[in-house]
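Asks: Mind looking over this structure? Questions follow.
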Amino acid sequence: MALHRALRTPLLTAIAAALLLTGIYLLSRPQGIHLVQADLLAQDGEGYPPPPRHVDWRTLRGQWQTVALPHAPRPGIPTTPGDAGALPTRTTWYHFRLDPAHPAPPDSYLYVPRWKTDGEIAIYVDGRLFYQSHANLQWNGSNRPLWIPLEDAAETTPPREILVRMRHVRGIGGALSTMWIGDYGQLGAAQMLRTFLQTELPYISSAMFLATGVFAFFVWLRRRHETLYLLFAAMTVVTFLRVMHSYLGMDRLPISDAWFGWFTVNSIGWMVLIVQLFLVRLHHHRQPLLTIAIAATCLVFGLLTLPLFAGTFDATLLAPIMYVVVAILGALAFGLGLYRSWRAGSREGAVLAAWGLLSVSLGGYDILLQRNLVDIESMFLNIYASIGLILAFWQIMLSRYTRAVSEVERANAVLAERLAEREAELNASHEKLREIERREVLHQERQRLMQDMHDGLGSSLVSALRVVEHGRIDESEIAQLLKSCIDDLKLTIDSMEPTETDLLLLLGTLRFRLQPRLEATGIRLRWDVRDVPPLAWLDQRHSLHILRILQEAFTNVIKHAGASEIRVTTETRDGFVRVSIIDNGRGFDAAAATEGRGLGNQARRAEAIGGRVELLSGAAGTSFTLLMPIQGYGDGEARAEADRAPADMADKNLVDPANCRHSS
């Protein structure tokens, strides 16, 4: 059943093509004067002397005889060269008398469907040389129909007689089909159809096949493991060589007859070998003995006919023997290939093997035509089987290509599905990580606030409570301490506001909180703040460090300096933003102050943000400067140490309640 389905389409295609060609042939049958009889004269000689320009058939020596056309003697064994080395040849003359009562029409043509000779042909019209071949002697384009315009063929029209001269190797014999004389309307369609079927169609199909082979070869270069592409490319080359004799030869070939015959004759064996290798890879059943036998046959005949060595045989002389041997091996290979493909369920292999069997059968007919055993006006059929073989190869490679594309599409679909699943998993994992990160940030922020409130506000309240419990402070000092605690709480709240890398916004918030307290103490604030670059590292945690450092500086001025004016300035220098707090109060020993906890805590907080503090004090007042980097901030042990600064201050406050005035 599978074999039936595999063969149904190509068989139906072949039947449809045959019916179409038959219909075209019937519609294009030639009309006009049909020459079916001629007088024949044979003359033996040596070599290939050029034909004379003028010939009177009555002066030719020899006995004329009447023959019917087509005239095709059985070829025999060619006569070997004589002692002088000249090749024995025979000149065959065909003489045609045209009926004056039925003259050729004006602008008429001479149409010769087929002629065969291992030599040359010349045509005389009314005794004058009108056409002669100029190609090789052996491969001389005899497969191409002759189409000769006769409008200028004779001095007087219409032509009265035609003389055909064929010179060929003695013993092989020449052959001539019937001839037609008529105008283009009578003969044009027949000539065009026969020329297309015999010469142009084989050329077009083989050239197209070769072009796809070049593409397949480059595909194989990229995919060396897929040998089918290499076999396909080799098949296109061999097929092109095989059908060259169908359309070449009207002009002289660039190579000798021996080499041209070697390529075209031996290529039939190469085709069978490649198809066998192709079938083995389709049905996956190794046939080593048969493959070796075909390869050995190709090798033996190739060496026996190779023109490189003296004494080798002419390929055209061994062609009948080679064709028979190759046909037997090919029938065996294609028959087994059809059976193995059917067993393996390979539709492609079954189609290819079926076309191979068809090629072998048509090749047998071609051998009969070559030996003049059938009507020589018939056409060689194996070239059409080769075209079918080309279509079979195209169908195989196209199906493999479309199958590969489908597999790629399916693989891409599966990959896209897996990618979508993986993307969904990653998105879910990302969402989980983001949720964990948000929770971690909230947890850290809570921890920071709890730590800050414990170290700052909590320690201040505990210190105040102990002072009250011991009765060592009056109401005004308690009020001052509570105000300081409230300022500390506000400072913690302010640090939670987003600053978006804007230091001036943070300083403005500090000014808003401290302005009422400064006015209450009678200290004038001069705000000399200029624009500074944005600090990319500035966030809530680092904002709190900055606020506490600056608040500590303001608190020290309010409590200890006795100043009447505080000036706040900003500037950018050497990659740092500098914030300075300058007062006009009493100076103090800066060296002794650096040993205290307050300035030490400020220094550690500055290190946590990658900066530092500078302190200058004299009789005219004190200058406290915080230096912050424009790019990046400090980390590691310095930052960890600064983060512990509030705890250090809390420990000190618990020991000495008087130091509550210096806490943040």
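Ordering of the structure tokens sets the chain letters (A, B, ...); residue numbers start at 1 within each chain; ligands are numbered from 1 in the order shown.
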Name the residues of segment 299-349 of chain A that come out as alpha helix (DSSP H) in a backbone DSSP run; write them as a PyMOL selection string.
Replies: chain A and resi 299-304+315-344+347-349
Asks: So that I can check the surroundings of Tyr109 of chain A, please list as a ChimeraX atom specification every protein, DNA and RNA residue that reaches within 10 Å of it, counting only C-alpha atoms and ignoring chain neighbours fewer than 4 positions away.
Replies: /A:32,104-105,146-151,153,180-184,186-188
Asks: Grab the residues selected above and save them as a PDB file, in the first residue's frame with C-alpha atoms.
Replies:
ATOM      1  CA  GLY A  32       5.220  20.517 -47.250  1.00  0.00           C
ATOM      2  CA  ALA A 104       9.183  24.626 -53.229  1.00  0.00           C
ATOM      3  CA  PRO A 105       7.363  27.695 -51.914  1.00  0.00           C
ATOM      4  CA  LEU A 146      19.179  20.715 -39.384  1.00  0.00           C
ATOM      5  CA  TRP A 147      17.243  23.873 -40.266  1.00  0.00           C
ATOM      6  CA  ILE A 148      18.536  25.479 -43.452  1.00  0.00           C
ATOM      7  CA  PRO A 149      16.843  28.466 -45.178  1.00  0.00           C
ATOM      8  CA  LEU A 150      16.749  27.991 -48.979  1.00  0.00           C
ATOM      9  CA  GLU A 151      15.686  31.458 -50.192  1.00  0.00           C
ATOM     10  CA  ALA A 153      20.112  28.513 -52.176  1.00  0.00           C
ATOM     11  CA  TRP A 180      11.199  18.185 -45.593  1.00  0.00           C
ATOM     12  CA  ILE A 181      11.030  21.326 -47.714  1.00  0.00           C
ATOM     13  CA  GLY A 182       8.468  24.004 -46.934  1.00  0.00           C
ATOM     14  CA  ASP A 183       7.913  27.495 -45.597  1.00  0.00           C
ATOM     15  CA  TYR A 184       8.029  28.477 -41.921  1.00  0.00           C
ATOM     16  CA  GLN A 186       4.632  24.384 -42.648  1.00  0.00           C
ATOM     17  CA  LEU A 187       7.796  23.348 -40.809  1.00  0.00           C
ATOM     18  CA  GLY A 188       8.521  25.912 -38.047  1.00  0.00           C
TER      19      GLY A 188
END
Asks: Which residues come within 12 Å of Leu289 of chain A, counting only C-alpha atoms, excluding same-chain residues fewer than 6 positions away, as a PDB file with N, CA, C and O atoms, in the first residue's frame?
Replies:
ATOM      1  N   GLN A 276      22.966   4.668  -6.273  1.00  0.00           N
ATOM      2  CA  GLN A 276      23.063   3.563  -5.330  1.00  0.00           C
ATOM      3  C   GLN A 276      23.466   4.066  -3.939  1.00  0.00           C
ATOM      4  O   GLN A 276      22.861   3.676  -2.930  1.00  0.00           O
ATOM      5  N   ALA A 295      31.143   0.348  -8.394  1.00  0.00           N
ATOM      6  CA  ALA A 295      32.334   1.198  -8.374  1.00  0.00           C
ATOM      7  C   ALA A 295      33.471   0.570  -9.170  1.00  0.00           C
ATOM      8  O   ALA A 295      34.199   1.271  -9.905  1.00  0.00           O
ATOM      9  N   ALA A 296      33.653  -0.757  -9.057  1.00  0.00           N
ATOM     10  CA  ALA A 296      34.718  -1.427  -9.810  1.00  0.00           C
ATOM     11  C   ALA A 296      34.460  -1.351 -11.309  1.00  0.00           C
ATOM     12  O   ALA A 296      35.394  -1.161 -12.112  1.00  0.00           O
ATOM     13  N   LEU A 329      23.687  -3.879 -13.789  1.00  0.00           N
ATOM     14  CA  LEU A 329      23.958  -3.481 -12.405  1.00  0.00           C
ATOM     15  C   LEU A 329      22.945  -2.449 -11.914  1.00  0.00           C
ATOM     16  O   LEU A 329      22.510  -2.475 -10.754  1.00  0.00           O
ATOM     17  N   LEU A 332      19.642  -4.110 -11.082  1.00  0.00           N
ATOM     18  CA  LEU A 332      19.754  -4.808  -9.810  1.00  0.00           C
ATOM     19  C   LEU A 332      19.745  -3.825  -8.638  1.00  0.00           C
ATOM     20  O   LEU A 332      19.050  -4.033  -7.632  1.00  0.00           O
ATOM     21  N   ALA A 333      20.517  -2.741  -8.770  1.00  0.00           N
ATOM     22  CA  ALA A 333      20.598  -1.755  -7.685  1.00  0.00           C
ATOM     23  C   ALA A 333      19.256  -1.065  -7.456  1.00  0.00           C
ATOM     24  O   ALA A 333      18.792  -0.918  -6.314  1.00  0.00           O
TER      25      ALA A 333
END
Asks: From the set A:Ile390, A:Val55, A:Ala68, A:Ala561, which residue has the shortest atom-to-atom contact distance to Leu210 of chain A, counting only C-alpha atoms?
Replies: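 Comparing A:Ile390, A:Val55, A:Ala68, A:Ala561 against Leu210 of chain A, the winner is A:Ile390.
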Asks: Between A:Trp355, A:Trp57, A:Trp527, A:Trp270, which has the minimum distance to Asn382 of chain A (counting only C-alpha atoms)?
Replies: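 Looking only at the distances to Asn382 of chain A, the closest residue turns out to be A:Trp355.
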Asks: Taking the backbone alone, and naming residues the way the document does, which bits of segment 20-75 of chain A are strand (DSSP E) by DSSP, as a PyMOL selection string?
Replies: chain A and resi 33-35+37-46+65-68
Asks: Residues within 8 Å of Val67 of chain A, please, as a list in words. Count only C-alpha atoms; anything in the same chain fewer than 5 positions from it doesn't count.
Replies: Gln37, Ala38, Asp39 and Leu40 of chain A
Asks: Would you write out those residues with N, CA, C and O atoms, as a tab-separated table (two decimals), in the first residue's frame?
Replies:
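Saved file part25.tsv follows:
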chain	number	residue	atom	x	y	z
A	37	GLN	N	12.69	9.33	-50.60
A	37	GLN	CA	13.45	8.44	-51.47
A	37	GLN	C	14.62	9.21	-52.05
A	37	GLN	O	14.51	10.40	-52.33
A	38	ALA	N	15.76	8.53	-52.24
A	38	ALA	CA	16.96	9.19	-52.76
A	38	ALA	C	17.79	8.19	-53.54
A	38	ALA	O	17.65	6.96	-53.39
A	39	ASP	N	18.66	8.73	-54.42
A	39	ASP	CA	19.68	7.93	-55.09
A	39	ASP	C	20.93	7.96	-54.24
A	39	ASP	O	21.35	9.03	-53.77
A	40	LEU	N	21.54	6.82	-54.03
A	40	LEU	CA	22.68	6.71	-53.12
A	40	LEU	C	23.90	6.23	-53.87
A	40	LEU	O	23.83	5.33	-54.72
Asks: Residues near segment 562-564 of chain A, anyone? I mean within 12 Å using only C-alpha atoms, not counting same-chain ones fewer than 3 positions away, as a PDB file with N, CA and C atoms, in the first residue's frame.
Replies:
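The resulting file, result_7.pdb, is shown below:
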ATOM      1  N   LEU A 518      17.896  79.016  67.366  1.00  0.00           N
ATOM      2  CA  LEU A 518      18.931  80.050  67.314  1.00  0.00           C
ATOM      3  C   LEU A 518      18.352  81.417  67.644  1.00  0.00           C
ATOM      4  N   GLU A 519      17.180  81.689  67.105  1.00  0.00           N
ATOM      5  CA  GLU A 519      16.558  82.982  67.407  1.00  0.00           C
ATOM      6  C   GLU A 519      16.239  83.099  68.893  1.00  0.00           C
ATOM      7  N   ALA A 520      15.825  81.977  69.521  1.00  0.00           N
ATOM      8  CA  ALA A 520      15.502  82.008  70.958  1.00  0.00           C
ATOM      9  C   ALA A 520      16.728  82.308  71.808  1.00  0.00           C
ATOM     10  N   THR A 521      17.881  81.943  71.358  1.00  0.00           N
ATOM     11  CA  THR A 521      19.119  82.190  72.105  1.00  0.00           C
ATOM     12  C   THR A 521      19.781  83.498  71.697  1.00  0.00           C
ATOM     13  N   GLY A 522      19.206  84.223  70.731  1.00  0.00           N
ATOM     14  CA  GLY A 522      19.766  85.506  70.314  1.00  0.00           C
ATOM     15  C   GLY A 522      20.937  85.381  69.368  1.00  0.00           C
ATOM     16  N   ILE A 523      21.104  84.269  68.714  1.00  0.00           N
ATOM     17  CA  ILE A 523      22.208  84.076  67.764  1.00  0.00           C
ATOM     18  C   ILE A 523      21.672  84.284  66.350  1.00  0.00           C
ATOM     19  N   ARG A 524      22.388  85.158  65.612  1.00  0.00           N
ATOM     20  CA  ARG A 524      21.983  85.454  64.226  1.00  0.00           C
ATOM     21  C   ARG A 524      22.619  84.418  63.282  1.00  0.00           C
ATOM     22  N   LEU A 525      21.797  83.949  62.346  1.00  0.00           N
ATOM     23  CA  LEU A 525      22.261  82.936  61.382  1.00  0.00           C
ATOM     24  C   LEU A 525      22.463  83.584  60.017  1.00  0.00           C
ATOM     25  N   ARG A 526      23.698  83.466  59.523  1.00  0.00           N
ATOM     26  CA  ARG A 526      24.013  83.935  58.158  1.00  0.00           C
ATOM     27  C   ARG A 526      24.116  82.690  57.249  1.00  0.00           C
ATOM     28  N   PHE A 554      26.243  72.671  65.745  1.00  0.00           N
ATOM     29  CA  PHE A 554      25.394  73.788  66.178  1.00  0.00           C
ATOM     30  C   PHE A 554      25.182  73.751  67.694  1.00  0.00           C
ATOM     31  N   THR A 555      24.955  72.576  68.259  1.00  0.00           N
ATOM     32  CA  THR A 555      24.706  72.463  69.700  1.00  0.00           C
ATOM     33  C   THR A 555      25.911  72.933  70.502  1.00  0.00           C
ATOM     34  N   ASN A 556      27.103  72.570  70.057  1.00  0.00           N
ATOM     35  CA  ASN A 556      28.312  72.999  70.755  1.00  0.00           C
ATOM     36  C   ASN A 556      28.450  74.517  70.740  1.00  0.00           C
ATOM     37  N   VAL A 557      28.107  75.133  69.570  1.00  0.00           N
ATOM     38  CA  VAL A 557      28.199  76.599  69.492  1.00  0.00           C
ATOM     39  C   VAL A 557      27.187  77.241  70.437  1.00  0.00           C
ATOM     40  N   ILE A 558      25.943  76.713  70.444  1.00  0.00           N
ATOM     41  CA  ILE A 558      24.896  77.309  71.280  1.00  0.00           C
ATOM     42  C   ILE A 558      25.241  77.198  72.760  1.00  0.00           C
ATOM     43  N   LYS A 559      25.767  76.042  73.167  1.00  0.00           N
ATOM     44  CA  LYS A 559      25.961  75.801  74.591  1.00  0.00           C
ATOM     45  C   LYS A 559      27.276  76.370  75.130  1.00  0.00           C
ATOM     46  N   ARG A 567      27.723  81.466  60.864  1.00  0.00           N
ATOM     47  CA  ARG A 567      27.676  81.545  59.392  1.00  0.00           C
ATOM     48  C   ARG A 567      27.864  80.130  58.819  1.00  0.00           C
ATOM     49  N   ILE A 582      30.766  78.403  61.036  1.00  0.00           N
ATOM     50  CA  ILE A 582      31.740  79.353  61.592  1.00  0.00           C
ATOM     51  C   ILE A 582      31.018  80.259  62.597  1.00  0.00           C
ATOM     52  N   ASP A 583      31.604  80.368  63.813  1.00  0.00           N
ATOM     53  CA  ASP A 583      30.992  81.252  64.828  1.00  0.00           C
ATOM     54  C   ASP A 583      32.029  82.285  65.272  1.00  0.00           C
ATOM     55  N   ASN A 584      31.544  83.341  65.923  1.00  0.00           N
ATOM     56  CA  ASN A 584      32.427  84.414  66.421  1.00  0.00           C
ATOM     57  C   ASN A 584      32.545  84.387  67.940  1.00  0.00           C
ATOM     58  N   GLY A 585      32.365  83.186  68.499  1.00  0.00           N
ATOM     59  CA  GLY A 585      32.392  83.069  69.958  1.00  0.00           C
ATOM     60  C   GLY A 585      33.791  82.821  70.499  1.00  0.00           C
ATOM     61  N   ARG A 586      33.791  82.321  71.753  1.00  0.00           N
ATOM     62  CA  ARG A 586      35.066  82.050  72.415  1.00  0.00           C
ATOM     63  C   ARG A 586      35.753  80.849  71.775  1.00  0.00           C
ATOM     64  N   GLY A 587      36.993  80.975  71.595  1.00  0.00           N
ATOM     65  CA  GLY A 587      37.760  79.858  71.071  1.00  0.00           C
ATOM     66  C   GLY A 587      38.135  78.887  72.163  1.00  0.00           C
ATOM     67  N   PHE A 588      38.746  77.795  71.772  1.00  0.00           N
ATOM     68  CA  PHE A 588      39.192  76.797  72.737  1.00  0.00           C
ATOM     69  C   PHE A 588      40.340  76.031  72.124  1.00  0.00           C
ATOM     70  N   ALA A 619      40.927  82.986  69.029  1.00  0.00           N
ATOM     71  CA  ALA A 619      40.286  84.053  69.801  1.00  0.00           C
ATOM     72  C   ALA A 619      39.123  84.679  69.050  1.00  0.00           C
ATOM     73  N   ALA A 620      39.163  84.658  67.681  1.00  0.00           N
ATOM     74  CA  ALA A 620      38.105  85.282  66.878  1.00  0.00           C
ATOM     75  C   ALA A 620      36.935  84.350  66.654  1.00  0.00           C
ATOM     76  N   GLY A 621      37.037  83.115  67.064  1.00  0.00           N
ATOM     77  CA  GLY A 621      35.930  82.193  66.873  1.00  0.00           C
ATOM     78  C   GLY A 621      36.405  80.812  66.434  1.00  0.00           C
ATOM     79  N   THR A 622      35.432  79.973  66.027  1.00  0.00           N
ATOM     80  CA  THR A 622      35.714  78.574  65.676  1.00  0.00           C
ATOM     81  C   THR A 622      35.110  78.260  64.310  1.00  0.00           C
TER      82      THR A 622
END
Asks: Taking 4 positions as the minimum chain separation for residues in the same chain, which residues sit within 9 Å of Leu627 of chain A when counting only C-alpha atoms? Answer as an mmCIF file with all heavy atoms, in the first residue's frame.
Replies:
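Output saved as selection.cif:
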data_model
loop_
_atom_site.group_PDB
_atom_site.id
_atom_site.type_symbol
_atom_site.label_atom_id
_atom_site.label_comp_id
_atom_site.auth_asym_id
_atom_site.auth_seq_id
_atom_site.Cartn_x
_atom_site.Cartn_y
_atom_site.Cartn_z
ATOM 1 N N PHE A 576 35.621 67.276 46.782
ATOM 2 C CA PHE A 576 34.834 67.212 48.012
ATOM 3 C C PHE A 576 33.874 68.390 48.061
ATOM 4 O O PHE A 576 34.171 69.479 47.556
ATOM 5 C CB PHE A 576 35.723 67.247 49.253
ATOM 6 C CG PHE A 576 36.460 65.957 49.511
ATOM 7 C CD1 PHE A 576 37.692 65.710 48.920
ATOM 8 C CD2 PHE A 576 35.915 64.989 50.348
ATOM 9 C CE1 PHE A 576 38.366 64.534 49.153
ATOM 10 C CE2 PHE A 576 36.591 63.807 50.591
ATOM 11 C CZ PHE A 576 37.822 63.571 49.992
ATOM 12 N N VAL A 577 32.724 68.147 48.662
ATOM 13 C CA VAL A 577 31.799 69.224 49.023
ATOM 14 C C VAL A 577 32.080 69.589 50.481
ATOM 15 O O VAL A 577 32.041 68.723 51.361
ATOM 16 C CB VAL A 577 30.337 68.788 48.837
ATOM 17 C CG1 VAL A 577 29.399 69.865 49.370
ATOM 18 C CG2 VAL A 577 30.041 68.502 47.372
ATOM 19 N N ARG A 578 32.355 70.866 50.737
ATOM 20 C CA ARG A 578 32.737 71.329 52.072
ATOM 21 C C ARG A 578 31.581 72.141 52.668
ATOM 22 O O ARG A 578 31.134 73.128 52.076
ATOM 23 C CB ARG A 578 33.994 72.190 52.002
ATOM 24 C CG ARG A 578 35.181 71.472 51.353
ATOM 25 C CD ARG A 578 36.310 72.448 51.037
ATOM 26 N NE ARG A 578 36.878 73.028 52.233
ATOM 27 C CZ ARG A 578 37.949 72.541 52.892
ATOM 28 N NH1 ARG A 578 38.538 71.432 52.435
ATOM 29 N NH2 ARG A 578 38.415 73.119 53.968
ATOM 30 N N VAL A 579 31.101 71.706 53.848
ATOM 31 C CA VAL A 579 30.076 72.451 54.599
ATOM 32 C C VAL A 579 30.731 72.965 55.886
ATOM 33 O O VAL A 579 31.192 72.160 56.717
ATOM 34 C CB VAL A 579 28.866 71.552 54.928
ATOM 35 C CG1 VAL A 579 27.828 72.352 55.715
ATOM 36 C CG2 VAL A 579 28.257 70.978 53.654
ATOM 37 N N SER A 580 30.789 74.292 56.014
ATOM 38 C CA SER A 580 31.487 74.912 57.159
ATOM 39 C C SER A 580 30.492 75.649 58.058
ATOM 40 O O SER A 580 29.568 76.323 57.562
ATOM 41 C CB SER A 580 32.553 75.891 56.667
ATOM 42 O OG SER A 580 33.527 75.210 55.878
ATOM 43 N N ALA A 606 31.682 60.913 59.877
ATOM 44 C CA ALA A 606 32.201 61.432 58.608
ATOM 45 C C ALA A 606 32.922 60.340 57.819
ATOM 46 O O ALA A 606 32.806 60.244 56.587
ATOM 47 C CB ALA A 606 33.137 62.614 58.866
ATOM 48 N N GLY A 610 32.659 58.437 53.868
ATOM 49 C CA GLY A 610 33.840 58.656 53.056
ATOM 50 C C GLY A 610 34.441 60.037 53.189
ATOM 51 O O GLY A 610 35.236 60.449 52.338
ATOM 52 N N GLY A 611 34.070 60.781 54.219
ATOM 53 C CA GLY A 611 34.590 62.139 54.384
ATOM 54 C C GLY A 611 35.417 62.286 55.649
ATOM 55 O O GLY A 611 35.889 61.303 56.230
ATOM 56 N N ARG A 612 35.542 63.535 56.077
ATOM 57 C CA ARG A 612 36.295 63.825 57.302
ATOM 58 C C ARG A 612 35.848 65.187 57.821
ATOM 59 O O ARG A 612 35.118 65.917 57.125
ATOM 60 C CB ARG A 612 37.796 63.834 57.033
ATOM 61 C CG ARG A 612 38.279 64.932 56.100
ATOM 62 C CD ARG A 612 39.789 64.845 55.909
ATOM 63 N NE ARG A 612 40.323 65.961 55.135
ATOM 64 C CZ ARG A 612 40.398 65.984 53.815
ATOM 65 N NH1 ARG A 612 39.954 64.932 53.109
ATOM 66 N NH2 ARG A 612 40.899 67.025 53.188
ATOM 67 N N VAL A 613 36.292 65.511 59.050
ATOM 68 C CA VAL A 613 35.967 66.807 59.651
ATOM 69 C C VAL A 613 37.258 67.556 59.946
ATOM 70 O O VAL A 613 38.307 66.945 60.180
ATOM 71 C CB VAL A 613 35.138 66.629 60.938
ATOM 72 C CG1 VAL A 613 33.790 66.010 60.613
ATOM 73 C CG2 VAL A 613 35.875 65.790 61.968
ATOM 74 N N GLU A 614 37.159 68.867 59.867
ATOM 75 C CA GLU A 614 38.288 69.744 60.195
ATOM 76 C C GLU A 614 37.816 70.778 61.220
ATOM 77 O O GLU A 614 36.700 71.313 61.083
ATOM 78 C CB GLU A 614 38.824 70.433 58.939
ATOM 79 C CG GLU A 614 39.448 69.471 57.936
ATOM 80 C CD GLU A 614 39.923 70.196 56.683
ATOM 81 O OE1 GLU A 614 39.621 71.417 56.547
ATOM 82 O OE2 GLU A 614 40.585 69.563 55.825
#
